[in-house]
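Asker: Below is the structure I would like to discuss, written out as structure tokens.
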Amino acid sequence: MAEWRTLDAEDVRAILLSFGLGGYRTHRAIPVGTINTNLRVETDARPLFLRVNEGKSLDDVGREAAIVAQVATRGVPTPAPLLSPAGQPFALWREQIVSLFPWVPGRTLNRAEVTPAHAAAVGAALAGLHLAGGDFPDRRPGRYEPHEIARRLDEVAALDRPELGSAVAILKPELEQLAVERTPDLPTGLIHGDLFIDNVLFADDGALGALIDFEQASWGRLLYDLAVTALAFGFGRDDFRPDVLRALIDAYAAVRPPDPTERSAFGAELRFAACRFAVTRITDVHLKQGTGAAPGKRYQRYLDRLSSIHAHLATADGLLAL
């Protein structure tokens with residue numbers, strides 16, 4: 001975890017007070033995430049999840065809170081942020097923006113623990129999110145649109161780092177092809193953008209508890225969001241896990257049936273999602289190793305996914321079909 005600051009008991013008490021709450025008992029850091037400082041706080045009434053939003057604006061935090069509040073009221077399993085006495089979904093503490101959420105029981109799974117049943121629950125929940133956010137009024141796109149990914153890759157190429165030469169040689173022509181091959185005017189709506197295994201909580205009985213971490217939520221292609229989630233959950237050590245991948249895709253389609261245009265466009269969206277995460281893991285992790293970058297987020301894993309996507313599409317084996 002990139003724990004940017006350490007909070008003592010008085011700090012947490014002050015934050016609770018800014019939300020009109022008391023009854024502090026204890027707190028501990030939560031070892032997940034790469035940006036924010038996250039804590040579990042025990043109070044007399046109930047446990048809470050506290051987040052210090054590092055490096056974000058009031059607009060960033062307010063927008064995320066509005067997204068979560070809308071989809072939560074429409075049945076998406078995610079905890080809505082608590083409100084301050086002023087009615088804001090955040091509070092200011094030492095010039096930092098702090099959010100407070102109800103604590104949701106459950107845990108994130110290891111990749112090897114993910115079963116088809118888990119994947120199906122995630123697919124259905126993602127489809128529910130897409131249906132719940134279709135009329136969200138703020139339609140700003142996310143920060144990782146194709147032009148931004150291409151710009152980042154150009155900067156990587158200009159560094160001429162020997163260990164990145166092969167990655168650039170794969171990604172640059174791939175993105176150039178996708179700029180032409182991606183289908184325009186696919187259905188859009190509110191997307192999570194980062195629904196990885198560590199952003200889903202499951203109860204001990206295997207039931208899905210919550211979708212979390214909506215920091216990258218934005219207006220975007222629904223099919224791209226499904227592609228991101230399919231690549232996150234459905235890929236094993238060397239290739240896709242067919243049972244897990246198909247369970248996720250089929251459960252999604254049962255809740256929000258894709259239109260014919262989406263069915264033919266899924267392969268390109270999978271390819272772009274693989275490129276997007278390969279590039280950002282180069283720029284945000286690999287190039288920052290030794291300066292607080294999160295371990296384990298290897299860009300090579302997304303080059304592996306890209307290779308597998310091409311292999312399955314070339315054989316038309318149906319694994320990646322909608």
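So you can find residues: chains in the structure tokens are A, B, ... in the order shown, residues in each start at 1, and ligands are numbered from 1 in order.
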Can you tell me which residues surround Leu109 in chain A at a distance of at most 9 Å, considering only C-alpha atoms, apart from same-chain residues fewer than 5 positions away, and format the answer as a list of chain:residue names?
Answerer: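 My list of contacting residues is A:Val114, A:Ile197, A:Asp198, A:Val200, A:Leu201, A:Phe202.
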Asker: List as a list in words the protein and nucleic acid residues near Ile170 in chain A, meaning an atom at most 10 Å away when only C-alpha atoms are counted, but skip any in the same chain fewer than 4 places from it.
Answerer: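 Skipping anything fewer than 4 positions along the chain leaves Gly165, Ser166, Glu174, Leu175, Cys275, Leu303, Leu306 and Ser307 of chain A.
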Asker: Would you save the residues from that selection as a short mmCIF file (atom, residue, chain, number, x, y, z; two decimals), in the first residue's frame, using N, CA, C and O atoms?
Answerer:
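Heads up, here's the output in out07.cif:
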data_model
loop_
_atom_site.label_atom_id
_atom_site.label_comp_id
_atom_site.auth_asym_id
_atom_site.auth_seq_id
_atom_site.Cartn_x
_atom_site.Cartn_y
_atom_site.Cartn_z
N GLY A 165 11.82 -1.77 -25.02
CA GLY A 165 11.78 -1.75 -26.48
C GLY A 165 10.78 -2.72 -27.07
O GLY A 165 10.02 -2.37 -27.99
N SER A 166 10.76 -3.95 -26.57
CA SER A 166 9.84 -4.94 -27.13
C SER A 166 8.39 -4.59 -26.83
O SER A 166 7.50 -4.81 -27.67
N GLU A 174 -0.23 -1.75 -32.36
CA GLU A 174 -1.54 -2.22 -31.89
C GLU A 174 -2.48 -1.03 -31.69
O GLU A 174 -3.64 -1.05 -32.12
N LEU A 175 -2.00 0.01 -31.02
CA LEU A 175 -2.84 1.18 -30.79
C LEU A 175 -3.17 1.89 -32.09
O LEU A 175 -4.28 2.43 -32.25
N CYS A 275 -4.07 -3.05 -23.90
CA CYS A 275 -3.07 -2.02 -24.19
C CYS A 275 -3.10 -0.92 -23.13
O CYS A 275 -2.04 -0.45 -22.69
N LEU A 303 0.58 -7.59 -21.58
CA LEU A 303 1.06 -8.03 -22.88
C LEU A 303 0.70 -9.51 -23.10
O LEU A 303 0.36 -9.92 -24.21
N LEU A 306 -2.89 -9.58 -24.08
CA LEU A 306 -3.05 -9.16 -25.47
C LEU A 306 -2.71 -10.30 -26.43
O LEU A 306 -3.42 -10.54 -27.41
N SER A 307 -1.63 -11.01 -26.14
CA SER A 307 -1.24 -12.14 -26.98
C SER A 307 -2.32 -13.22 -26.99
O SER A 307 -2.66 -13.78 -28.04
#
Asker: Select, from A:Asp243, A:Pro137, A:Pro162, A:Thr280, the residue with the minimum atom-to-atom distance to Ala66 in chain A, counting only C-alpha atoms.
Answerer: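 Under the stated criterion, the closest residue is A:Pro137.
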Asker: Would you kindly return, as a PDB file with N, CA and C atoms, in the first residue's frame, each protein, DNA or RNA residue with an atom no farther than 8 Å from any atom of Leu226 in chain A, considering only C-alpha atoms and excluding same-chain residues fewer than 4 positions away?
Answerer:
ATOM      1  N   GLY A 123     -20.123 -10.374 -13.066  1.00  0.00           N
ATOM      2  CA  GLY A 123     -20.692  -9.990 -14.350  1.00  0.00           C
ATOM      3  C   GLY A 123     -22.086  -9.412 -14.212  1.00  0.00           C
ATOM      4  N   LEU A 126     -21.874  -5.933 -12.586  1.00  0.00           N
ATOM      5  CA  LEU A 126     -21.398  -4.916 -13.520  1.00  0.00           C
ATOM      6  C   LEU A 126     -22.511  -4.493 -14.468  1.00  0.00           C
ATOM      7  N   LEU A 222     -19.667   1.048 -22.430  1.00  0.00           N
ATOM      8  CA  LEU A 222     -20.032  -0.050 -21.540  1.00  0.00           C
ATOM      9  C   LEU A 222     -19.250  -1.314 -21.904  1.00  0.00           C
ATOM     10  N   ALA A 230     -13.445  -8.485 -17.623  1.00  0.00           N
ATOM     11  CA  ALA A 230     -13.186  -9.835 -18.126  1.00  0.00           C
ATOM     12  C   ALA A 230     -11.697 -10.148 -18.111  1.00  0.00           C
ATOM     13  N   ILE A 249     -18.947 -13.307 -18.583  1.00  0.00           N
ATOM     14  CA  ILE A 249     -19.540 -12.702 -19.779  1.00  0.00           C
ATOM     15  C   ILE A 249     -21.003 -13.093 -19.920  1.00  0.00           C
TER      16      ILE A 249
END
Asker: Would you list the contacts of range 6-19 of chain A as a list in words, taking every protein, DNA or RNA residue within 10 Å and counting only C-alpha atoms, but skipping same-chain residues closer than 6 positions in sequence?
Answerer: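 So, after excluding close chain neighbours, the residues are Arg25, Thr26, His27, Arg28, Ala29, Thr37, Asn38, Leu39, Val41, Thr43, Leu48, Leu50, Val52, Leu82, Leu83, Ser84, Pro85, Ala86, Gly87, Gln88, Pro89, Phe90, Ala91, Leu92, Trp93, Arg94, Val98, Ser99 and Leu100 of chain A.
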Asker: What would the file look like if the residues just selected were written as an mmCIF file, in the first residue's frame with C-alpha atoms?
Answerer:
data_model
loop_
_atom_site.group_PDB
_atom_site.id
_atom_site.type_symbol
_atom_site.label_atom_id
_atom_site.label_comp_id
_atom_site.auth_asym_id
_atom_site.auth_seq_id
_atom_site.Cartn_x
_atom_site.Cartn_y
_atom_site.Cartn_z
ATOM 1 C CA ARG A 25 -12.142 3.060 19.892
ATOM 2 C CA THR A 26 -9.204 2.238 17.647
ATOM 3 C CA HIS A 27 -8.048 2.194 14.038
ATOM 4 C CA ARG A 28 -5.615 0.416 11.751
ATOM 5 C CA ALA A 29 -4.192 0.956 8.278
ATOM 6 C CA THR A 37 -4.420 6.427 2.866
ATOM 7 C CA ASN A 38 -7.085 3.917 3.950
ATOM 8 C CA LEU A 39 -8.078 2.981 7.495
ATOM 9 C CA VAL A 41 -11.935 2.716 12.264
ATOM 10 C CA THR A 43 -16.333 3.116 16.923
ATOM 11 C CA LEU A 48 -16.114 2.505 9.367
ATOM 12 C CA LEU A 50 -11.895 6.068 6.314
ATOM 13 C CA VAL A 52 -7.775 10.324 2.981
ATOM 14 C CA LEU A 82 -21.530 9.202 4.855
ATOM 15 C CA LEU A 83 -22.524 12.866 4.897
ATOM 16 C CA SER A 84 -21.063 15.589 7.085
ATOM 17 C CA PRO A 85 -23.384 17.813 9.143
ATOM 18 C CA ALA A 86 -23.215 20.264 6.219
ATOM 19 C CA GLY A 87 -24.621 17.598 3.919
ATOM 20 C CA GLN A 88 -21.368 17.028 2.026
ATOM 21 C CA PRO A 89 -20.076 13.502 1.247
ATOM 22 C CA PHE A 90 -16.642 14.476 2.568
ATOM 23 C CA ALA A 91 -14.955 16.616 5.200
ATOM 24 C CA LEU A 92 -11.812 18.729 5.288
ATOM 25 C CA TRP A 93 -9.039 17.815 7.689
ATOM 26 C CA ARG A 94 -5.639 19.533 7.673
ATOM 27 C CA VAL A 98 -11.533 12.860 3.799
ATOM 28 C CA SER A 99 -14.314 10.396 2.989
ATOM 29 C CA LEU A 100 -16.059 8.058 5.403
#
Asker: In terms of the shortest atom-to-atom distance over only C-alpha atoms, which of A:Ile35, A:Leu223, A:Ala112, A:Ala169 is closest to Ala265 in chain A?
Answerer: A:Leu223
Asker: Using Å and a single decimal, report how far CA of Thr283 in chain A sits from CA of Val156 in chain A.
Answerer: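 The value is 7.4 Å.
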Asker: As an exercise, work out the distance from CA of Ala316 in chain A to CA of Thr261 in chain A in Å and give it to one decimal place.
Answerer: 17.6 Å
Asker: Give me the residues near Gln216 in chain A as an MDAnalysis selection string, where near means some atom within 12 Å (using only C-alpha atoms) and where sequence neighbours in that chain fewer than 5 positions away do not count.
Answerer: chainID A and resid 60:61 63:65 67:68 140:145 190:196 199 225
Asker: Fewer than 3 positions away in the same chain doesn't count, so skip those; otherwise give me all residues within 12 Å of Gln300 in chain A, counting only C-alpha atoms, as a VMD selection string.
Answerer: chain A and resid 163 to 164 166 to 168 170 to 171 237 to 238 274 to 275 277 to 282 285 to 286 296 to 297 303 to 307
Asker: Taking 2 positions as the minimum chain separation for residues in the same chain, which residues sit within 12 Å of Ala125 in chain A when counting only C-alpha atoms? Answer as JSON, numbers by chain.
Answerer: {"A": [71, 72, 74, 75, 76, 77, 78, 118, 119, 120, 121, 122, 123, 127, 128, 129, 130, 131, 132, 191, 192, 195, 200, 201, 207, 208, 209, 210, 211, 212, 226, 229, 248, 249, 251, 252, 253, 254, 255, 256]}
Asker: Measure the distance from CA of Asp160 in chain A to CA of Lys172 in chain A in Å and round it to one decimal.
Answerer: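 Atom-to-atom, CA of Asp160 in chain A and CA of Lys172 in chain A are spaced 13.6 Å apart.
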Asker: Would you give me, as an NGL selection string, the residues in range 43-290 of chain A that DSSP reads as strand (DSSP E or B)?
Answerer: :A and (43 or 47-53 or 91-93 or 96-102 or 107 or 141 or 188-191 or 200-202 or 208-211 or 218-221 or 235 or 240)
Asker: Which is closest to Pro79 in chain A among A:Glu54, A:Trp103, A:Gly62, A:Gly23, if we use only C-alpha atoms?
Answerer: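 Looking only at the distances to Pro79 in chain A, the closest residue turns out to be A:Trp103.
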Asker: Please return as a PyMOL selection string: the residues of range 41-245 of chain A that backbone DSSP assigns to alpha helix (DSSP H).
Answerer: chain A and resi 58-73+116-132+146-159+165-181+222-234+242-245
Asker: Let me make sure I understand: among A:Arg40, A:Arg51, A:Ala117, A:Ala321, which one has the smallest atom-to-atom distance to Asp205 in chain A if we use only C-alpha atoms?
Answerer: A:Ala117
